[in-house]
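K.L.:
Data: work02.cif, mmCIF, C-alpha atoms.
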data_final
loop_
_atom_site.label_atom_id
_atom_site.label_comp_id
_atom_site.auth_asym_id
_atom_site.auth_seq_id
_atom_site.Cartn_x
_atom_site.Cartn_y
_atom_site.Cartn_z
CA MET A 1 18.18 20.01 9.05
CA THR A 2 20.56 22.98 8.87
CA ASP A 3 19.47 26.57 8.21
CA HIS A 4 20.92 26.49 4.70
CA SER A 5 19.11 23.36 3.67
CA ALA A 6 15.89 24.66 5.24
CA LEU A 7 16.25 27.88 3.23
CA LEU A 8 16.96 25.89 0.08
CA ALA A 9 13.97 23.68 0.76
CA SER A 10 11.74 26.74 1.22
CA LEU A 11 13.03 28.26 -2.00
CA VAL A 12 12.49 25.06 -3.94
CA LEU A 13 9.05 24.70 -2.39
CA GLY A 14 8.18 28.25 -3.40
CA VAL A 15 9.35 27.81 -6.98
CA LEU A 16 7.63 24.45 -7.25
CA GLY A 17 4.48 25.95 -5.74
CA VAL A 18 4.34 28.61 -8.46
CA LEU A 19 5.03 26.08 -11.18
CA ILE A 20 2.58 23.53 -9.91
CA SER A 21 -0.30 25.86 -9.15
CA ALA A 22 -1.05 25.65 -12.86
CA PHE A 23 -1.32 21.91 -12.58
CA SER A 24 -3.10 21.92 -9.20
CA LEU A 25 -3.33 18.94 -6.91
CA ASP A 26 -4.44 16.55 -9.60
CA GLY A 27 -1.33 17.33 -11.61
CA ALA A 28 1.02 16.71 -8.68
CA SER A 29 -0.80 13.54 -7.78
CA ALA A 30 -0.61 12.35 -11.39
CA ILE A 31 3.14 13.09 -11.56
CA VAL A 32 3.79 11.05 -8.42
CA ARG A 33 1.61 8.22 -9.69
CA LEU A 34 3.41 8.31 -13.05
CA TRP A 35 6.77 8.07 -11.31
CA VAL A 36 5.58 5.13 -9.18
CA TRP A 37 4.12 3.48 -12.27
CA LEU A 38 7.45 3.89 -14.06
CA TYR A 39 9.74 2.54 -11.39
CA THR A 40 7.48 -0.41 -10.60
CA LEU A 41 7.33 -1.54 -14.22
CA GLY A 42 8.48 -5.12 -14.64
CA LEU A 43 8.07 -6.10 -11.00
CA PRO A 44 6.04 -9.15 -9.91
CA THR A 45 2.36 -8.23 -10.09
CA ALA A 46 1.64 -8.47 -6.38
CA LEU A 47 4.59 -6.33 -5.39
CA ARG A 48 3.95 -3.79 -8.14
CA ASP A 49 0.24 -3.42 -7.37
CA ARG A 50 0.90 -3.12 -3.67
CA ARG A 51 3.43 -0.32 -4.11
CA ARG A 52 1.22 1.59 -6.52
CA ALA A 53 -1.86 1.28 -4.33
CA GLU A 54 0.04 2.22 -1.21
CA LEU A 55 1.54 5.34 -2.76
CA ALA A 56 -1.83 6.37 -4.24
CA SER A 57 -3.33 6.09 -0.77
CA ASP A 58 -0.45 8.02 0.81
CA VAL A 59 -0.74 10.92 -1.66
CA HIS A 60 -4.48 11.02 -1.14
CA GLU A 61 -4.01 11.14 2.64
CA GLN A 62 -1.42 13.89 2.36
CA ILE A 63 -3.68 16.00 0.19
CA ALA A 64 -6.65 15.45 2.52
CA ASP A 65 -4.51 16.36 5.51
CA ALA A 66 -3.22 19.52 3.82
CA ARG A 67 -6.78 20.52 2.95
CA ALA A 68 -7.82 20.03 6.54
CA GLN A 69 -4.97 22.25 7.66
CA GLY A 70 -5.95 24.96 5.20
CA TYR A 71 -2.98 24.84 2.84
CA ARG A 72 -3.48 26.32 -0.61
CA PRO A 73 -3.69 23.79 -3.47
CA GLY A 74 -0.49 25.03 -5.12
CA GLU A 75 1.46 24.76 -1.88
CA THR A 76 0.08 21.31 -1.18
CA ALA A 77 0.95 20.16 -4.70
CA ALA A 78 4.49 21.43 -4.20
CA ARG A 79 4.78 19.61 -0.88
CA VAL A 80 3.58 16.37 -2.44
CA LEU A 81 6.09 16.70 -5.25
CA TRP A 82 8.91 17.74 -2.94
CA ARG A 83 8.26 14.76 -0.72
CA SER A 84 8.37 12.43 -3.68
CA LEU A 85 11.45 14.14 -5.09
CA ARG A 86 13.39 13.71 -1.85
CA GLY A 87 12.81 9.97 -1.96
CA LEU A 88 13.80 9.42 -5.59
CA HIS A 89 17.12 7.86 -4.68
CA ALA A 90 15.41 5.47 -2.23
CA ASP A 91 12.86 4.56 -4.90
CA VAL A 92 15.62 3.79 -7.36
CA LEU A 93 17.56 1.74 -4.79
CA TRP A 94 14.42 -0.15 -3.82
CA ARG A 95 13.76 -0.86 -7.49
CA LEU A 96 17.31 -2.10 -7.97
CA ASP A 97 16.86 -4.33 -4.92
CA HIS A 98 13.90 -5.88 -6.67
CA SER A 99 15.32 -5.88 -10.16
CA LEU A 100 15.63 -9.00 -12.25
CA PHE A 101 19.37 -9.09 -11.74
CA GLY A 102 19.24 -7.92 -8.15
CA TRP A 103 20.01 -9.93 -5.08
CA SER A 104 16.60 -9.89 -3.44
CA ARG A 105 14.31 -12.88 -3.16
CA TYR A 106 12.10 -11.30 -5.81
CA GLY A 107 15.05 -11.15 -8.17
CA THR A 108 15.90 -14.74 -7.37
CA LEU A 109 12.29 -15.77 -7.87
CA ALA A 110 12.10 -14.00 -11.20
CA ARG A 111 15.31 -15.65 -12.35
CA THR A 112 14.06 -19.07 -11.22
CA GLU A 113 10.73 -18.54 -12.96
CA LEU A 114 12.44 -17.47 -16.17
CA GLY A 115 14.78 -20.45 -15.96
CA ILE A 116 11.94 -22.92 -15.50
CA ARG A 117 9.90 -21.37 -18.30
CA TRP A 118 12.86 -21.41 -20.65
CA ARG A 119 13.72 -25.06 -19.93
CA VAL A 120 10.14 -26.21 -20.26
CA ALA A 121 9.71 -24.24 -23.48
CA THR A 122 12.90 -25.78 -24.85
CA VAL A 123 11.65 -29.27 -24.08
CA LEU A 124 8.08 -28.72 -25.23
CA ARG A 125 8.67 -26.69 -28.36
CA PRO A 126 9.81 -29.64 -30.57
CA SER A 127 6.97 -31.86 -29.34
CA MET A 128 4.48 -29.06 -29.98
CA ARG A 129 5.91 -28.63 -33.46
CA VAL A 130 5.59 -32.38 -34.10
CA ALA A 131 1.99 -32.32 -32.89
CA GLN A 132 1.29 -29.34 -35.14
CA ILE A 133 2.85 -31.08 -38.19
CA GLN A 134 0.78 -34.18 -37.44
CA VAL A 135 -2.38 -32.08 -37.33
CA GLU A 136 -1.54 -30.31 -40.56
CA HIS A 137 -0.72 -33.61 -42.27
CA ALA A 138 -3.86 -35.33 -41.00
CA ASP A 139 -6.00 -32.39 -42.13
CA LYS A 140 -4.41 -32.50 -45.57
CA VAL A 141 -4.94 -36.27 -45.90
CA LEU A 142 -8.56 -35.82 -44.86
CA ALA A 143 -9.12 -32.99 -47.35
CA ASP A 144 -7.54 -35.07 -50.15
CA ALA A 145 -9.66 -38.09 -49.26
CA ARG A 146 -12.83 -35.98 -49.28
CA PHE A 147 -11.85 -34.39 -52.58
CA HIS A 148 -11.24 -37.84 -54.08
CA LEU A 149 -14.60 -39.08 -52.78
CA ARG A 150 -16.41 -36.10 -54.32
CA ARG A 151 -14.80 -36.77 -57.70
CA ILE A 152 -16.23 -40.29 -57.97
CA PRO A 153 -19.71 -40.25 -59.53
CA LYS A 154 -22.46 -41.42 -57.20
CA ASN A 155 -24.38 -43.37 -59.84
CA GLY A 156 -21.55 -44.80 -61.89
CA THR A 157 -20.42 -48.25 -62.86
CA ALA A 158 -19.77 -51.12 -60.47
CA ASP A 159 -16.07 -50.14 -60.43
CA ASP A 160 -17.04 -46.61 -59.48
CA LEU A 161 -19.17 -47.87 -56.65
CA ARG A 162 -16.34 -50.06 -55.36
CA GLU A 163 -13.93 -47.16 -55.62
CA ARG A 164 -16.42 -44.91 -53.87
CA GLU A 165 -16.81 -47.37 -51.03
CA ALA A 166 -13.02 -47.57 -50.64
CA ALA A 167 -12.81 -43.75 -50.71
CA ARG A 168 -15.50 -43.49 -48.05
CA ILE A 169 -13.55 -45.84 -45.81
CA ALA A 170 -10.39 -43.80 -46.46
CA VAL A 171 -12.24 -40.60 -45.47
CA LYS A 172 -13.46 -42.26 -42.28
CA ARG A 173 -9.91 -43.37 -41.38
CA ALA A 174 -8.45 -39.97 -42.20
CA ALA A 175 -11.12 -38.27 -40.10
CA ARG A 176 -10.30 -40.53 -37.15
CA THR A 177 -6.57 -39.86 -37.52
CA ALA A 178 -7.19 -36.10 -37.77
CA LYS A 179 -9.41 -36.19 -34.70
CA LEU A 180 -6.70 -37.98 -32.71
CA ALA A 181 -4.03 -35.55 -33.91
CA HIS A 182 -6.22 -32.60 -32.88
CA LEU A 183 -6.84 -34.21 -29.50
CA ARG A 184 -3.09 -34.65 -28.94
CA LEU A 185 -2.41 -31.05 -29.82
CA ARG A 186 -5.29 -29.89 -27.64
CA LEU A 187 -3.96 -31.88 -24.71
CA SER A 188 -0.45 -30.51 -25.23
CA VAL A 189 -1.72 -26.94 -25.36
CA GLY A 190 -3.92 -27.63 -22.35
CA LEU A 191 -0.97 -28.98 -20.39
CA ILE A 192 1.18 -26.02 -21.33
CA CYS A 193 -1.58 -23.59 -20.37
CA CYS A 194 -2.03 -25.36 -17.04
CA PHE A 195 1.67 -25.35 -16.40
CA ASP A 196 1.87 -21.67 -17.29
CA GLU A 197 -1.04 -20.79 -15.04
CA LEU A 198 0.33 -22.90 -12.23
CA LEU A 199 3.74 -21.29 -12.50
CA ASP A 200 2.15 -17.84 -12.53
CA GLU A 201 0.17 -18.71 -9.43
CA ILE A 202 3.09 -20.17 -7.51
CA PHE A 203 5.36 -17.24 -8.27
CA SER A 204 2.74 -14.59 -7.63
CA ILE A 205 2.04 -16.19 -4.26
CA ARG A 206 5.70 -16.57 -3.38
CA SER A 207 6.54 -13.03 -4.39
CA SER A 208 3.69 -11.60 -2.35
CA GLY A 209 4.77 -13.17 0.91
CA ASN A 210 3.29 -15.94 2.98
CA PRO A 211 1.42 -18.28 0.62
CA TRP A 212 -0.71 -19.75 3.37
CA ARG A 213 -2.06 -16.49 4.70
CA LYS A 214 -5.73 -16.35 3.80
CA THR A 215 -6.24 -12.66 3.20
CA PRO A 216 -9.69 -11.50 2.11
CA THR A 217 -8.30 -10.36 -1.24
CA ARG A 218 -6.80 -13.75 -1.95
CA VAL A 219 -9.95 -15.57 -0.91
CA ALA A 220 -12.07 -13.29 -3.08
CA ARG A 221 -9.71 -13.70 -6.02
CA ALA A 222 -9.63 -17.48 -5.67
CA GLU A 223 -13.41 -17.65 -5.43
CA ALA A 224 -13.82 -15.41 -8.46
CA ARG A 225 -11.43 -17.58 -10.46
CA MET A 226 -13.17 -20.74 -9.37
CA ARG A 227 -16.59 -19.34 -10.24
CA HIS A 228 -15.28 -18.16 -13.60
CA ALA A 229 -13.65 -21.50 -14.38
CA VAL A 230 -16.68 -23.53 -13.34
CA SER A 231 -19.10 -21.27 -15.20
CA GLN A 232 -17.04 -21.70 -18.34
CA ALA A 233 -16.72 -25.44 -18.05
CA PRO A 234 -20.28 -26.76 -17.76
CA LEU A 235 -19.16 -30.35 -18.11
CA LEU A 236 -17.18 -30.07 -14.91
CA ALA A 237 -19.96 -28.40 -12.95
CA GLY A 238 -21.90 -30.25 -10.29
CA PRO A 239 -19.98 -31.72 -7.39
CA TRP A 240 -17.02 -29.49 -8.23
CA CYS A 241 -19.11 -26.42 -7.61
CA THR A 242 -19.68 -27.46 -4.05
CA CYS A 243 -15.96 -27.76 -3.30
CA GLN A 244 -15.01 -25.49 -0.48
CA VAL A 245 -11.81 -24.01 -1.77
CA ARG A 246 -11.65 -20.80 0.16
CA GLY A 247 -8.18 -19.42 -0.25
CA SER A 248 -6.33 -22.72 -0.41
CA LEU A 249 -3.50 -23.30 -2.82
CA PHE A 250 -5.32 -26.42 -3.96
CA GLY A 251 -8.40 -24.45 -4.85
CA ARG A 252 -6.51 -21.85 -6.76
CA THR A 253 -4.53 -24.48 -8.61
CA LEU A 254 -7.70 -26.38 -9.44
CA ALA A 255 -9.32 -23.22 -10.74
CA ARG A 256 -6.25 -22.50 -12.80
CA LEU A 257 -6.19 -26.03 -14.21
CA VAL A 258 -9.83 -25.91 -15.26
CA HIS A 259 -9.34 -22.45 -16.66
CA GLY A 260 -6.21 -23.55 -18.52
CA LEU A 261 -8.01 -26.47 -20.14
CA TRP A 262 -10.90 -24.26 -21.12
CA THR A 263 -8.57 -21.64 -22.58
CA ALA A 264 -6.82 -24.30 -24.62
CA ARG A 265 -10.13 -25.60 -25.94
CA HIS A 266 -11.30 -22.12 -26.82
CA TYR A 267 -7.96 -21.30 -28.45
CA LEU A 268 -8.01 -24.40 -30.63
CA ARG A 269 -11.60 -23.80 -31.68
CA SER A 270 -10.83 -20.29 -32.77
CA GLU A 271 -7.79 -21.41 -34.79
CA MET B 272 27.80 -1.80 0.03
CA ARG B 273 24.87 -3.75 1.43
CA ARG B 274 23.69 -3.33 4.97
CA ARG B 275 23.70 -6.27 7.30
CA SER B 276 20.20 -7.67 7.48
CA ASN B 277 20.06 -7.75 11.31
CA VAL B 278 21.07 -4.12 11.82
CA LEU B 279 18.43 -1.44 12.18
CA ILE B 280 19.21 2.00 10.80
CA PRO B 281 18.07 5.01 12.84
CA LEU B 282 14.99 5.61 10.70
CA GLU B 283 13.86 2.03 11.24
CA GLN B 284 14.32 2.46 14.99
CA ARG B 285 12.25 5.64 14.82
CA VAL B 286 9.58 3.83 12.85
CA LEU B 287 9.39 1.09 15.49
CA ASP B 288 9.34 3.69 18.27
CA ALA B 289 6.55 5.56 16.54
CA ALA B 290 4.64 2.33 15.97
CA LEU B 291 4.92 1.46 19.63
CA GLY B 292 3.91 4.99 20.61
CA LEU B 293 0.85 4.80 18.37
CA ARG B 294 -0.09 1.48 19.88
CA ARG B 295 0.16 2.94 23.38
CA ASP B 296 -2.04 5.81 22.23
CA GLY B 297 -4.72 3.35 21.17
CA ALA B 298 -3.87 3.06 17.48
CA PRO B 299 -2.45 -0.44 17.07
CA GLU B 300 -2.62 -0.16 13.29
CA PHE B 301 -1.38 2.76 11.23
CA HIS B 302 -0.97 3.63 7.58
CA GLY B 303 2.06 5.07 5.82
CA PHE B 304 1.07 8.73 5.87
CA GLN B 305 -0.04 8.51 9.51
CA LEU B 306 3.40 7.18 10.37
CA ALA B 307 5.11 9.92 8.34
CA LYS B 308 3.13 12.51 10.30
CA GLU B 309 3.93 10.85 13.59
CA LEU B 310 7.63 10.83 12.71
CA SER B 311 7.43 14.45 11.65
CA ASN B 312 5.67 15.47 14.88
CA SER B 313 8.12 13.56 17.06
CA GLY B 314 11.13 15.04 15.26
CA ARG B 315 12.56 18.52 15.30
CA GLY B 316 11.72 19.32 11.70
CA ARG B 317 8.22 19.43 10.30
CA THR B 318 9.23 17.74 7.05
CA LEU B 319 7.42 14.53 6.19
CA THR B 320 9.60 11.51 5.52
CA SER B 321 9.79 11.01 1.76
CA HIS B 322 7.79 8.26 0.08
CA GLY B 323 10.80 6.29 -1.09
CA THR B 324 12.61 6.36 2.25
CA LEU B 325 9.52 5.59 4.30
CA TYR B 326 8.19 2.68 2.28
CA LYS B 327 11.63 1.19 1.82
CA ALA B 328 12.05 1.14 5.60
CA LEU B 329 8.56 -0.27 6.10
CA SER B 330 9.10 -3.08 3.61
CA ARG B 331 12.44 -3.95 5.19
CA LEU B 332 10.92 -4.06 8.67
CA GLU B 333 8.08 -6.19 7.39
CA GLU B 334 10.46 -8.59 5.70
CA GLY B 335 12.33 -8.85 8.98
CA GLY B 336 9.11 -9.74 10.80
CA LEU B 337 9.19 -6.62 12.99
CA LEU B 338 6.06 -5.19 11.41
CA SER B 339 3.07 -6.88 9.85
CA SER B 340 0.61 -5.37 7.43
CA ARG B 341 -2.74 -5.91 5.79
CA TRP B 342 -5.09 -4.06 3.48
CA GLU B 343 -8.01 -2.46 5.24
CA PRO B 344 -11.43 -3.84 4.22
CA ALA B 345 -12.58 -2.40 0.90
CA HIS B 346 -15.97 -1.32 2.24
CA VAL B 347 -14.36 1.00 4.79
CA ALA B 348 -12.41 2.82 2.09
CA GLU B 349 -15.45 2.90 -0.19
CA ALA B 350 -17.61 4.38 2.57
CA GLU B 351 -15.08 7.17 3.05
CA ARG B 352 -14.47 7.55 -0.70
CA ARG B 353 -10.71 7.20 -0.61
CA PRO B 354 -8.11 4.61 -1.70
CA ARG B 355 -7.60 1.62 0.54
CA ARG B 356 -4.95 1.99 3.20
CA ARG B 357 -2.23 -0.51 3.93
CA LEU B 358 -2.35 -0.92 7.70
CA TYR B 359 0.82 -1.73 9.58
CA SER B 360 1.24 -2.93 13.14
CA ILE B 361 4.25 -3.70 15.24
CA THR B 362 4.74 -7.39 15.99
CA LEU B 363 5.86 -8.98 19.24
CA GLN B 364 9.23 -9.55 17.59
CA GLY B 365 9.38 -5.85 16.79
CA VAL B 366 8.63 -4.87 20.38
CA GLN B 367 11.29 -7.26 21.66
CA ALA B 368 13.85 -6.00 19.13
CA LEU B 369 13.16 -2.41 20.18
CA GLU B 370 13.43 -3.25 23.87
CA ALA B 371 16.71 -5.07 23.27
CA LEU B 372 17.98 -2.11 21.33
CA HIS B 373 17.02 0.37 24.04
CA GLN B 374 18.78 -1.76 26.64
CA SER B 375 21.93 -2.30 24.61
CA ALA B 376 22.51 1.23 23.35
CA PRO B 377 20.26 3.69 25.17
CA SER B 378 22.21 6.78 24.22
CA ARG B 379 22.31 5.93 20.53
CA VAL B 380 18.64 5.06 20.39
CA ALA B 381 17.72 8.19 22.30
CA LEU B 382 19.67 10.24 19.78
CA ALA B 383 17.95 8.51 16.93
CA THR B 384 14.49 8.96 18.38
CA GLN B 385 15.03 12.62 19.17
CA GLY B 386 14.38 13.57 15.60
CA ALA B 387 17.51 13.55 13.52
CA SER B 388 16.51 13.91 9.90
CA TYR B 389 16.91 10.84 7.70
CA ASP B 390 15.16 12.07 4.61
#
Starting from the file, give its structure as structure tokens.
P.N.:
Amino acid sequence: MTDHSALLASLVLGVLGVLISAFSLDGASAIVRLWVWLYTLGLPTALRDRRRAELASDVHEQIADARAQGYRPGETAARVLWRSLRGLHADVLWRLDHSLFGWSRYGTLARTELGIRWRVATVLRPSMRVAQIQVEHADKVLADARFHLRRIPKNGTADDLREREAARIAVKRAARTAKLAHLRLRLSVGLICCFDELLDEIFSIRSSGNPWRKTPTRVARAEARMRHAVSQAPLLAGPWCTCQVRGSLFGRTLARLVHGLWTARHYLRSE
Amino acid sequence: MRRRSNVLIPLEQRVLDAALGLRRDGAPEFHGFQLAKELSNSGRGRTLTSHGTLYKALSRLEEGGLLSSRWEPAHVAEAERRPRRRLYSITLQGVQALEALHQSAPSRVALATQGASYD
């Protein structure tokens, strides 16, 4: 570093120190974290979380180190900010490297994921709409049949009784049809949820590096998901609970599938 | 213009040198700030390498297989009441790449490791 740039750096540090002393260390730390939060927006979750956590740790270490060396809070805050400021261009370049339209593998992955989602949505949307129309129609037929049944007097003439019997059979048929239509829709939603979860899983694994590496975080996350899924799906409990699925793609996928089905069921019940 | 993927820039060489130095000193794993300090101590200036520059270099070296990394166990960070550190270590491939580099261009590497500023 030349004398001029060193002088400039000292001047900037001094000015920043005065400005930042009002904010103190927490302010500087928050500004850096805000910047990291901003430029990591829209990245794959694993990559984004890693960068944010890593920078949070780095800033914490720098502050602790400065404290140990006896720097004043204002000066330390300025140093933290200055260090972040000097790397802004690298942050922006790194972000562009990982942007949706960038050339990195993350960009490619994101494009592939979007492409798959779009194609699947295009294919599934009409069938989902058909299933929805069938459900609506079946519900309407059932409601009409029930309404008709209620209108026939219970203790009427022989004709009324015959008509009532026919109406009861019609209600039973309509109920069966409605049940089947609901089941079809539920299965479709379940499949879509599973597909969505599976895609999420595959891309989050691929974007975070080696999918077969069994890191403690991944194992813990997979176990938590499995526990959650099994606890929410009592019908599937039992032998499934004893599956040893520590960190395997199979286990995670299984957990996602169960969870997806359960979500679909819950969603349809609440509708 | 994009850099060729198999070419190490001076900062990346310095990072590998520092990683190897830390390993020789009995610290096979290091975190980002520790590396920034090591680079600052080994260089002429006392300025810490900026966040953006440092982590960009680290991620590139990791993608190239010259460094590997892992999160430290959560209980260690919790016991010391600080955020978890990402711990890096130089791989065998990294050591070999550095050795090959030192053999092929000793003067250039020496210049790079003597503390030119790449902030």
K.L.:
For the file shown, what are the residues hit by the PyMOL selection byres ((chain B) within 6 of (chain A)), laid out as a list in words?
P.N.:
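When the PyMOL selection byres ((chain B) within 6 of (chain A)) is applied, the selected residues are Phe304, Ser321, His322, Gly323, Thr324, Pro354 and Arg356 of chain B.
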K.L.:
Using all atoms listed in the file, pick whichever of A:Arg184, A:Ala175, A:Asp160, A:Ala166 has the shortest atom-to-atom distance to Ile133 (chain A).
P.N.:
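Under the stated criterion, the closest residue is A:Arg184.
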K.L.:
Tell me, in Å to one decimal, how far CA of Asp26 (chain A) is from CA of Gly74 (chain A).
P.N.:
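It comes out at 10.4 Å.
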K.L.:
Excluding Trp342 (chain B) and its own-chain neighbours fewer than 5 positions away, which residues fall within 8 Å of it when counting only C-alpha atoms? Please give them as a list of chain:residue names.
P.N.:
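Contacts, with the query itself left out: B:Arg355, B:Arg356, B:Arg357, B:Leu358.
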K.L.:
Starting from the point (10.6, -5.2, 19.1), work out which residues of protein, DNA or RNA have an atom no more than 10 Å away when counting only C-alpha atoms; state them as number ranges by chain.
P.N.:
B: 284, 287-288, 291, 336-338, 361-373
K.L.:
Can you tell me how far CA of Trp35 (chain A) sits from CA of Val12 (chain A), in Å to one decimal?
P.N.:
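Taking CA of Trp35 (chain A) and CA of Val12 (chain A), their separation equals 19.4 Å.
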K.L.:
For a test of reading the model, state the distance in Å between CA of Leu149 (chain A) and CA of Leu183 (chain A), rounded to one decimal.
P.N.:
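Computing the Euclidean distance for CA of Leu149 (chain A) and CA of Leu183 (chain A) yields 25.0 Å.
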K.L.:
I want to know what sits within 12 Å of Asp139 (chain A), based on all atoms listed in the file, with residues of the same chain fewer than 2 positions away left out; could you give that as a list of chain:residue names?
P.N.:
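Counting only the stated atoms, we get A:Gln132, A:Ile133, A:Gln134, A:Val135, A:Glu136, A:His137, A:Val141, A:Leu142, A:Ala143, A:Asp144, A:Ala145, A:Arg146, A:Val171, A:Arg173, A:Ala174, A:Ala175, A:Arg176, A:Thr177, A:Ala178, A:Lys179, A:Leu180, A:Ala181, A:His182.
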K.L.:
For region 130-146 of chain A, where the input has fewer atoms than it should, I would like N, CA and C atoms rebuilt and written as a compact mmCIF listing (two decimals), in the coordinates of the input.
P.N.:
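Okay, this is what ended up in result14.txt:
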# COMPACT_ATOMS: atom_id res chain seq x y z
N VAL A 130 5.94 -31.07 -33.54
CA VAL A 130 5.59 -32.38 -34.10
C VAL A 130 4.07 -32.54 -34.11
N ALA A 131 3.45 -32.18 -32.98
CA ALA A 131 1.99 -32.32 -32.89
C ALA A 131 1.32 -31.45 -33.95
N GLN A 132 1.87 -30.25 -34.14
CA GLN A 132 1.29 -29.34 -35.14
C GLN A 132 1.43 -29.91 -36.55
N ILE A 133 2.62 -30.48 -36.85
CA ILE A 133 2.85 -31.08 -38.19
C ILE A 133 1.89 -32.24 -38.40
N GLN A 134 1.70 -33.03 -37.34
CA GLN A 134 0.78 -34.18 -37.44
C GLN A 134 -0.63 -33.70 -37.77
N VAL A 135 -1.04 -32.61 -37.09
CA VAL A 135 -2.38 -32.08 -37.33
C VAL A 135 -2.50 -31.60 -38.76
N GLU A 136 -1.50 -30.85 -39.20
CA GLU A 136 -1.54 -30.31 -40.56
C GLU A 136 -1.59 -31.44 -41.59
N HIS A 137 -0.77 -32.48 -41.36
CA HIS A 137 -0.72 -33.61 -42.27
C HIS A 137 -2.06 -34.36 -42.29
N ALA A 138 -2.59 -34.60 -41.09
CA ALA A 138 -3.86 -35.33 -41.00
C ALA A 138 -4.98 -34.56 -41.67
N ASP A 139 -4.97 -33.22 -41.49
CA ASP A 139 -6.00 -32.39 -42.13
C ASP A 139 -5.89 -32.46 -43.66
N LYS A 140 -4.64 -32.47 -44.11
CA LYS A 140 -4.41 -32.50 -45.57
C LYS A 140 -4.88 -33.85 -46.14
N VAL A 141 -4.53 -34.93 -45.45
CA VAL A 141 -4.94 -36.27 -45.90
C VAL A 141 -6.47 -36.35 -45.95
N LEU A 142 -7.10 -35.79 -44.91
CA LEU A 142 -8.56 -35.82 -44.86
C LEU A 142 -9.16 -35.03 -46.02
N ALA A 143 -8.61 -33.84 -46.26
CA ALA A 143 -9.12 -32.99 -47.35
C ALA A 143 -8.96 -33.71 -48.70
N ASP A 144 -7.78 -34.34 -48.88
CA ASP A 144 -7.54 -35.07 -50.15
C ASP A 144 -8.54 -36.21 -50.31
N ALA A 145 -8.74 -36.95 -49.20
CA ALA A 145 -9.66 -38.09 -49.26
C ALA A 145 -11.08 -37.62 -49.59
N ARG A 146 -11.49 -36.51 -49.00
CA ARG A 146 -12.83 -35.98 -49.28
C ARG A 146 -12.95 -35.53 -50.75
